[in-house]
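Asker: Take a look at start.cif, mmCIF, C-alpha atoms, pLDDT in the B column; chains and numbers go by the auth columns:
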```cif
data_model
#
loop_
_atom_site.group_PDB
_atom_site.id
_atom_site.type_symbol
_atom_site.label_atom_id
_atom_site.label_comp_id
_atom_site.label_asym_id
_atom_site.label_seq_id
_atom_site.Cartn_x
_atom_site.Cartn_y
_atom_site.Cartn_z
_atom_site.B_iso_or_equiv
_atom_site.auth_seq_id
_atom_site.auth_asym_id
ATOM 1 C CA MET A 1 18.061 -8.400 25.836 54.00 1 A
ATOM 2 C CA SER A 2 20.540 -9.993 23.447 63.00 2 A
ATOM 3 C CA ASN A 3 20.767 -9.047 19.795 72.00 3 A
ATOM 4 C CA LYS A 4 19.188 -12.338 18.797 73.00 4 A
ATOM 5 C CA ASP A 5 16.194 -11.682 21.090 75.00 5 A
ATOM 6 C CA LEU A 6 15.523 -8.224 19.619 85.00 6 A
ATOM 7 C CA LYS A 7 12.252 -8.113 17.715 83.00 7 A
ATOM 8 C CA ARG A 8 13.179 -6.901 14.236 90.00 8 A
ATOM 9 C CA VAL A 9 10.744 -6.568 11.301 92.00 9 A
ATOM 10 C CA THR A 10 7.106 -6.998 12.331 88.00 10 A
ATOM 11 C CA GLY A 11 5.450 -6.420 8.953 88.00 11 A
ATOM 12 C CA LEU A 12 5.418 -4.633 5.633 93.00 12 A
ATOM 13 C CA GLY A 13 4.990 -0.900 6.179 94.00 13 A
ATOM 14 C CA GLY A 14 4.948 0.179 2.567 95.00 14 A
ATOM 15 C CA PHE A 15 6.063 -0.168 -1.004 96.00 15 A
ATOM 16 C CA PHE A 16 7.359 2.938 -2.776 96.00 16 A
ATOM 17 C CA PHE A 17 8.341 3.066 -6.437 97.00 17 A
ATOM 18 C CA LYS A 18 9.579 5.595 -8.971 97.00 18 A
ATOM 19 C CA CYS A 19 7.615 6.394 -12.109 96.00 19 A
ATOM 20 C CA GLU A 20 7.587 9.066 -14.817 96.00 20 A
ATOM 21 C CA ASP A 21 4.123 10.403 -13.924 95.00 21 A
ATOM 22 C CA PRO A 22 2.897 9.533 -10.391 95.00 22 A
ATOM 23 C CA ASN A 23 -0.526 11.099 -11.027 93.00 23 A
ATOM 24 C CA ALA A 24 -1.092 9.090 -14.218 93.00 24 A
ATOM 25 C CA ILE A 25 0.121 5.895 -12.532 94.00 25 A
ATOM 26 C CA SER A 26 -2.184 6.504 -9.564 93.00 26 A
ATOM 27 C CA GLU A 27 -5.089 7.039 -11.955 93.00 27 A
ATOM 28 C CA TRP A 28 -4.234 3.828 -13.842 93.00 28 A
ATOM 29 C CA TYR A 29 -4.135 1.789 -10.624 93.00 29 A
ATOM 30 C CA LYS A 30 -7.407 3.386 -9.530 92.00 30 A
ATOM 31 C CA ASN A 31 -9.157 2.633 -12.827 93.00 31 A
ATOM 32 C CA HIS A 32 -7.796 -0.849 -13.424 92.00 32 A
ATOM 33 C CA LEU A 33 -7.068 -2.285 -9.981 89.00 33 A
ATOM 34 C CA GLY A 34 -9.380 -0.279 -7.745 92.00 34 A
ATOM 35 C CA ILE A 35 -6.623 1.348 -5.673 93.00 35 A
ATOM 36 C CA PRO A 36 -8.068 4.767 -4.712 91.00 36 A
ATOM 37 C CA ALA A 37 -4.719 6.563 -4.457 87.00 37 A
ATOM 38 C CA GLY A 38 -4.461 10.234 -3.536 85.00 38 A
ATOM 39 C CA PRO A 39 -1.463 12.595 -3.577 84.00 39 A
ATOM 40 C CA TYR A 40 0.477 10.390 -1.115 85.00 40 A
ATOM 41 C CA GLY A 41 -0.626 7.047 -2.474 90.00 41 A
ATOM 42 C CA TRP A 42 -2.911 4.769 -0.536 93.00 42 A
ATOM 43 C CA SER A 43 -2.882 2.978 2.818 92.00 43 A
ATOM 44 C CA PHE A 44 -4.025 -0.633 2.839 92.00 44 A
ATOM 45 C CA GLU A 45 -5.772 -1.208 6.162 91.00 45 A
ATOM 46 C CA TRP A 46 -5.602 -4.587 7.885 91.00 46 A
ATOM 47 C CA LYS A 47 -5.680 -6.331 11.245 89.00 47 A
ATOM 48 C CA ASP A 48 -2.901 -8.476 12.669 85.00 48 A
ATOM 49 C CA LYS A 49 -3.444 -11.928 14.176 86.00 49 A
ATOM 50 C CA ASP A 50 -4.350 -10.325 17.514 86.00 50 A
ATOM 51 C CA GLY A 51 -6.941 -8.003 15.946 88.00 51 A
ATOM 52 C CA ASN A 52 -4.817 -4.817 16.113 83.00 52 A
ATOM 53 C CA ASP A 53 -5.270 -2.291 13.303 87.00 53 A
ATOM 54 C CA GLY A 54 -2.411 -1.652 10.894 87.00 54 A
ATOM 55 C CA THR A 55 -1.659 -0.025 7.557 90.00 55 A
ATOM 56 C CA THR A 56 0.680 -0.625 4.644 94.00 56 A
ATOM 57 C CA GLN A 57 1.403 2.405 2.456 95.00 57 A
ATOM 58 C CA TRP A 58 1.531 2.163 -1.359 96.00 58 A
ATOM 59 C CA SER A 59 3.090 5.249 -2.994 96.00 59 A
ATOM 60 C CA PRO A 60 4.319 6.162 -6.470 96.00 60 A
ATOM 61 C CA PHE A 61 7.121 8.747 -6.481 96.00 61 A
ATOM 62 C CA ALA A 62 8.463 10.925 -9.289 96.00 62 A
ATOM 63 C CA ALA A 63 11.289 9.311 -11.255 97.00 63 A
ATOM 64 C CA ASN A 64 13.701 12.048 -10.144 97.00 64 A
ATOM 65 C CA THR A 65 12.936 11.797 -6.418 96.00 65 A
ATOM 66 C CA LYS A 66 15.912 12.028 -4.085 96.00 66 A
ATOM 67 C CA TYR A 67 13.990 10.263 -1.303 95.00 67 A
ATOM 68 C CA PHE A 68 15.472 6.871 -2.290 96.00 68 A
ATOM 69 C CA SER A 69 19.069 8.225 -2.297 96.00 69 A
ATOM 70 C CA PRO A 70 21.761 7.085 -2.041 96.00 70 A
ATOM 71 C CA SER A 71 20.160 4.091 -3.767 96.00 71 A
ATOM 72 C CA ASP A 72 19.644 4.384 -7.512 95.00 72 A
ATOM 73 C CA LYS A 73 17.017 1.617 -7.473 96.00 73 A
ATOM 74 C CA PRO A 74 13.476 2.348 -8.696 97.00 74 A
ATOM 75 C CA PHE A 75 11.808 1.147 -5.483 96.00 75 A
ATOM 76 C CA MET A 76 12.112 1.264 -1.721 97.00 76 A
ATOM 77 C CA MET A 77 10.573 -1.065 0.830 96.00 77 A
ATOM 78 C CA ASN A 78 9.319 0.146 4.194 97.00 78 A
ATOM 79 C CA TYR A 79 9.240 -2.374 7.028 97.00 79 A
ATOM 80 C CA ARG A 80 7.401 -1.965 10.313 95.00 80 A
ATOM 81 C CA VAL A 81 9.613 -2.520 13.359 95.00 81 A
ATOM 82 C CA HIS A 82 8.996 -2.678 17.096 91.00 82 A
ATOM 83 C CA ASP A 83 11.885 -0.658 18.604 95.00 83 A
ATOM 84 C CA LEU A 84 13.623 1.366 15.908 97.00 84 A
ATOM 85 C CA GLU A 85 16.292 2.927 18.113 96.00 85 A
ATOM 86 C CA ALA A 86 17.447 -0.427 19.493 96.00 86 A
ATOM 87 C CA LEU A 87 17.311 -2.040 16.066 96.00 87 A
ATOM 88 C CA LEU A 88 19.396 0.707 14.431 97.00 88 A
ATOM 89 C CA ASN A 89 22.016 0.305 17.169 96.00 89 A
ATOM 90 C CA VAL A 90 22.175 -3.454 16.615 95.00 90 A
ATOM 91 C CA LEU A 91 22.289 -3.105 12.835 96.00 91 A
ATOM 92 C CA LYS A 92 25.160 -0.621 13.148 96.00 92 A
ATOM 93 C CA GLU A 93 27.039 -3.115 15.385 95.00 93 A
ATOM 94 C CA GLU A 94 26.416 -5.780 12.728 95.00 94 A
ATOM 95 C CA GLY A 95 28.031 -3.593 10.059 96.00 95 A
ATOM 96 C CA VAL A 96 24.842 -2.602 8.226 97.00 96 A
ATOM 97 C CA THR A 97 25.051 0.768 6.449 97.00 97 A
ATOM 98 C CA ILE A 98 22.824 3.306 8.211 97.00 98 A
ATOM 99 C CA VAL A 99 21.617 6.193 6.011 97.00 99 A
ATOM 100 C CA GLY A 100 21.040 9.539 7.709 95.00 100 A
ATOM 101 C CA GLU A 101 19.621 10.074 11.180 96.00 101 A
ATOM 102 C CA MET A 102 16.469 8.695 12.743 97.00 102 A
ATOM 103 C CA GLU A 103 13.491 11.043 12.359 97.00 103 A
ATOM 104 C CA SER A 104 10.376 11.261 14.545 96.00 104 A
ATOM 105 C CA TYR A 105 6.885 12.384 13.554 95.00 105 A
ATOM 106 C CA ALA A 106 3.428 12.197 15.129 94.00 106 A
ATOM 107 C CA TYR A 107 2.808 8.912 13.260 91.00 107 A
ATOM 108 C CA GLY A 108 6.094 7.228 14.161 95.00 108 A
ATOM 109 C CA LYS A 109 9.867 7.065 13.923 97.00 109 A
ATOM 110 C CA PHE A 110 11.821 6.420 10.719 98.00 110 A
ATOM 111 C CA GLY A 111 15.323 5.192 9.963 98.00 111 A
ATOM 112 C CA TRP A 112 17.045 4.038 6.775 98.00 112 A
ATOM 113 C CA ILE A 113 19.567 1.368 5.877 97.00 113 A
ATOM 114 C CA LEU A 114 21.099 -0.143 2.734 96.00 114 A
ATOM 115 C CA ASP A 115 21.100 -3.834 1.935 96.00 115 A
ATOM 116 C CA PRO A 116 24.222 -5.428 0.335 94.00 116 A
ATOM 117 C CA GLU A 117 22.940 -4.602 -3.189 95.00 117 A
ATOM 118 C CA GLY A 118 22.361 -0.918 -2.428 95.00 118 A
ATOM 119 C CA ASN A 119 18.592 -1.091 -1.968 96.00 119 A
ATOM 120 C CA LYS A 120 17.458 1.579 0.462 97.00 120 A
ATOM 121 C CA ILE A 121 15.161 0.220 3.160 97.00 121 A
ATOM 122 C CA GLU A 122 13.009 2.440 5.311 98.00 122 A
ATOM 123 C CA LEU A 123 12.342 1.192 8.841 98.00 123 A
ATOM 124 C CA TRP A 124 9.220 2.524 10.545 97.00 124 A
ATOM 125 C CA GLU A 125 8.233 2.261 14.179 96.00 125 A
ATOM 126 C CA PRO A 126 4.587 3.308 14.018 94.00 126 A
ATOM 127 C CA VAL A 127 2.971 5.017 16.989 88.00 127 A
ATOM 128 C CA ASP A 128 1.069 1.746 17.443 69.00 128 A
ATOM 129 C CA SER A 129 4.446 -0.015 17.885 50.00 129 A
ATOM 130 C CA GLU A 130 2.909 -3.165 19.360 45.00 130 A
ATOM 131 C CA LEU A 131 2.320 -4.355 15.763 46.00 131 A
#
```
As structure tokens, please, write out the structure in this file.
Answerer:
Amino acid sequence: MSNKDLKRVTGLGGFFFKCEDPNAISEWYKNHLGIPAGPYGWSFEWKDKDGNDGTTQWSPFAANTKYFSPSDKPFMMNYRVHDLEALLNVLKEEGVTIVGEMESYAYGKFGWILDPEGNKIELWEPVDSEL
């Protein structure tokens, strides 16, 4: 498979943002916008065009979180990808800054990159990687 044939981003996996008081922000969103966030935020559930289940995570983080490092931006996007390992290899070949090492969990694999403006981007290959 050539680099141009590699399936890259397949959807929005999550939106993470810094705030002074994540609990108060979660409560505000719950009360005013109906987002029933818990300690880790909230997962929007949806179906893709083929009827497969998916989720997009919404999570407020403490203003002093190091999770977005080395970016100093107040947000981080998470994109769903099909084959994280292959994509990270291609991105490295293309000169994209890779942050840290790929990590694997029961719910998927994660990798991180920086865009040209220093925004940290989390790439997620969910266990249901066909999405």
Asker: Find the residues around stretch 73-76 of chain A up to 6 Å (only C-alpha atoms counted), leave out those fewer than 6 positions away in its own chain, and share them as a count of residues only.
Answerer: 5
Asker: Neighbouring residues of A:Lys4 were defined as those with any atom within 12 Å, considering all atoms listed in the file; residues of the same chain fewer than 5 positions away were excluded. Please report them as a PyMOL selection string.
Answerer: chain A and resi 87+90-91+94
Asker: When you draw a straight line from atom CA of A:Ile113 to atom CA of A:Leu6, how long is it in Å?
Answerer: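 One can read the atom CA of A:Ile113 to atom CA of A:Leu6 distance as 17.2 Å.
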Asker: Would you mind reading off the distance between atom CA of A:Tyr40 and atom CA of A:Ser59, one decimal, in Å?
Answerer: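 Atom CA of A:Tyr40 sits 6.1 Å away from atom CA of A:Ser59.
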Asker: I'd like the neighbourhood of stretch 28-33 of chain A as a PyMOL selection string, where a residue qualifies if any of its atoms comes within 12 Å (using all atoms listed in the file), though same-chain residues fewer than 4 positions away should be ignored.
Answerer: chain A and resi 21-24+37-38+41-42+58-60
Asker: Around (12.9, 1.7, 23.3), as given in the file, which residues come within 12 Å? Count all atoms listed in the file and list them as a list in words.
Answerer: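 Those residues, ordered by chain and then number, are Met1, Leu6, Lys7, Val81, His82, Asp83, Leu84, Glu85, Ala86, Leu87, Leu88, Asn89, Lys109, Glu125, Ser129 and Glu130 of chain A.
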Asker: How about saving the chosen residues, C-alpha atoms kept, as a CSV table (one decimal), in the frame of the given file?
Answerer:
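Below is the file that was written, again-v7.csv:
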```csv
chain,number,residue,atom,x,y,z
A,1,MET,CA,18.1,-8.4,25.8
A,6,LEU,CA,15.5,-8.2,19.6
A,7,LYS,CA,12.3,-8.1,17.7
A,81,VAL,CA,9.6,-2.5,13.4
A,82,HIS,CA,9.0,-2.7,17.1
A,83,ASP,CA,11.9,-0.7,18.6
A,84,LEU,CA,13.6,1.4,15.9
A,85,GLU,CA,16.3,2.9,18.1
A,86,ALA,CA,17.4,-0.4,19.5
A,87,LEU,CA,17.3,-2.0,16.1
A,88,LEU,CA,19.4,0.7,14.4
A,89,ASN,CA,22.0,0.3,17.2
A,109,LYS,CA,9.9,7.1,13.9
A,125,GLU,CA,8.2,2.3,14.2
A,129,SER,CA,4.4,0.0,17.9
A,130,GLU,CA,2.9,-3.2,19.4
```
Asker: Find the residue from A:Asn119, A:Thr55, A:Asn64, A:Asp48 that sits nearest to A:Tyr107; use all atoms listed in the file when measuring.
Answerer: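 Under the stated criterion, the closest residue is A:Thr55.
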Asker: Would you compute the distance between atom CA of A:Met77 and atom CA of A:Gly111? Give it in Å to one decimal.
Answerer: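 Computing the Euclidean distance for atom CA of A:Met77 and atom CA of A:Gly111 yields 12.0 Å.
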Asker: For the file shown, report as a VMD selection string the outcome of the PyMOL selection byres ((chain A and resi 44) around 12) at residue level.
Answerer: chain A and resid 12 to 15 34 to 37 41 to 43 45 to 47 53 to 59
Asker: Given all atoms listed in the file as the basis, pick out the residue of A:Leu114, A:Val96, A:Leu123, A:Ile25 nearest to A:Pro39.
Answerer: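 Distance minimum relative to A:Pro39 lands on A:Ile25.
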Asker: Take stretch 33-53 of chain A, model N, CA and C atoms, and hand the result over as a PDB file, in the frame of the given file.
Answerer:
```pdb
ATOM      1  N   LEU A  33      -7.228  -1.374 -11.117  1.00 89.00           N
ATOM      2  CA  LEU A  33      -7.068  -2.285  -9.981  1.00 89.00           C
ATOM      3  C   LEU A  33      -7.854  -1.844  -8.750  1.00 89.00           C
ATOM      4  N   GLY A  34      -8.536  -0.719  -8.849  1.00 92.00           N
ATOM      5  CA  GLY A  34      -9.380  -0.279  -7.745  1.00 92.00           C
ATOM      6  C   GLY A  34      -8.637   0.299  -6.558  1.00 92.00           C
ATOM      7  N   ILE A  35      -7.390   0.735  -6.758  1.00 93.00           N
ATOM      8  CA  ILE A  35      -6.623   1.348  -5.673  1.00 93.00           C
ATOM      9  C   ILE A  35      -6.912   2.844  -5.691  1.00 93.00           C
ATOM     10  N   PRO A  36      -7.656   3.358  -4.711  1.00 91.00           N
ATOM     11  CA  PRO A  36      -8.068   4.767  -4.712  1.00 91.00           C
ATOM     12  C   PRO A  36      -6.976   5.709  -4.195  1.00 91.00           C
ATOM     13  N   ALA A  37      -5.878   5.787  -4.915  1.00 87.00           N
ATOM     14  CA  ALA A  37      -4.719   6.563  -4.457  1.00 87.00           C
ATOM     15  C   ALA A  37      -4.963   8.058  -4.546  1.00 87.00           C
ATOM     16  N   GLY A  38      -4.440   8.781  -3.555  1.00 85.00           N
ATOM     17  CA  GLY A  38      -4.461  10.234  -3.536  1.00 85.00           C
ATOM     18  C   GLY A  38      -3.060  10.754  -3.750  1.00 85.00           C
ATOM     19  N   PRO A  39      -2.780  11.993  -3.349  1.00 84.00           N
ATOM     20  CA  PRO A  39      -1.463  12.595  -3.577  1.00 84.00           C
ATOM     21  C   PRO A  39      -0.311  11.863  -2.895  1.00 84.00           C
ATOM     22  N   TYR A  40      -0.580  11.119  -1.826  1.00 85.00           N
ATOM     23  CA  TYR A  40       0.477  10.390  -1.115  1.00 85.00           C
ATOM     24  C   TYR A  40       0.347   8.888  -1.285  1.00 85.00           C
ATOM     25  N   GLY A  41      -0.419   8.468  -2.263  1.00 90.00           N
ATOM     26  CA  GLY A  41      -0.626   7.047  -2.474  1.00 90.00           C
ATOM     27  C   GLY A  41      -1.863   6.559  -1.756  1.00 90.00           C
ATOM     28  N   TRP A  42      -1.755   5.364  -1.193  1.00 93.00           N
ATOM     29  CA  TRP A  42      -2.911   4.769  -0.536  1.00 93.00           C
ATOM     30  C   TRP A  42      -2.437   3.876   0.599  1.00 93.00           C
ATOM     31  N   SER A  43      -3.193   3.843   1.683  1.00 92.00           N
ATOM     32  CA  SER A  43      -2.882   2.978   2.818  1.00 92.00           C
ATOM     33  C   SER A  43      -3.823   1.784   2.830  1.00 92.00           C
ATOM     34  N   PHE A  44      -3.251   0.591   2.667  1.00 92.00           N
ATOM     35  CA  PHE A  44      -4.025  -0.633   2.839  1.00 92.00           C
ATOM     36  C   PHE A  44      -4.244  -0.805   4.333  1.00 92.00           C
ATOM     37  N   GLU A  45      -5.468  -1.005   4.747  1.00 91.00           N
ATOM     38  CA  GLU A  45      -5.772  -1.208   6.162  1.00 91.00           C
ATOM     39  C   GLU A  45      -6.000  -2.692   6.412  1.00 91.00           C
ATOM     40  N   TRP A  46      -5.505  -3.174   7.557  1.00 91.00           N
ATOM     41  CA  TRP A  46      -5.602  -4.587   7.885  1.00 91.00           C
ATOM     42  C   TRP A  46      -5.569  -4.764   9.395  1.00 91.00           C
ATOM     43  N   LYS A  47      -5.790  -5.973   9.829  1.00 89.00           N
ATOM     44  CA  LYS A  47      -5.680  -6.331  11.245  1.00 89.00           C
ATOM     45  C   LYS A  47      -4.660  -7.458  11.374  1.00 89.00           C
ATOM     46  N   ASP A  48      -3.864  -7.403  12.445  1.00 85.00           N
ATOM     47  CA  ASP A  48      -2.901  -8.476  12.669  1.00 85.00           C
ATOM     48  C   ASP A  48      -3.609  -9.666  13.326  1.00 85.00           C
ATOM     49  N   LYS A  49      -2.854 -10.699  13.620  1.00 86.00           N
ATOM     50  CA  LYS A  49      -3.444 -11.928  14.176  1.00 86.00           C
ATOM     51  C   LYS A  49      -4.112 -11.707  15.522  1.00 86.00           C
ATOM     52  N   ASP A  50      -3.735 -10.626  16.218  1.00 86.00           N
ATOM     53  CA  ASP A  50      -4.350 -10.325  17.514  1.00 86.00           C
ATOM     54  C   ASP A  50      -5.498  -9.320  17.396  1.00 86.00           C
ATOM     55  N   GLY A  51      -5.837  -8.928  16.162  1.00 88.00           N
ATOM     56  CA  GLY A  51      -6.941  -8.003  15.946  1.00 88.00           C
ATOM     57  C   GLY A  51      -6.569  -6.533  16.012  1.00 88.00           C
ATOM     58  N   ASN A  52      -5.263  -6.218  16.091  1.00 83.00           N
ATOM     59  CA  ASN A  52      -4.817  -4.817  16.113  1.00 83.00           C
ATOM     60  C   ASN A  52      -4.837  -4.236  14.705  1.00 83.00           C
ATOM     61  N   ASP A  53      -5.233  -2.973  14.597  1.00 87.00           N
ATOM     62  CA  ASP A  53      -5.270  -2.291  13.303  1.00 87.00           C
ATOM     63  C   ASP A  53      -3.862  -1.983  12.822  1.00 87.00           C
TER      64      ASP A  53
END
```
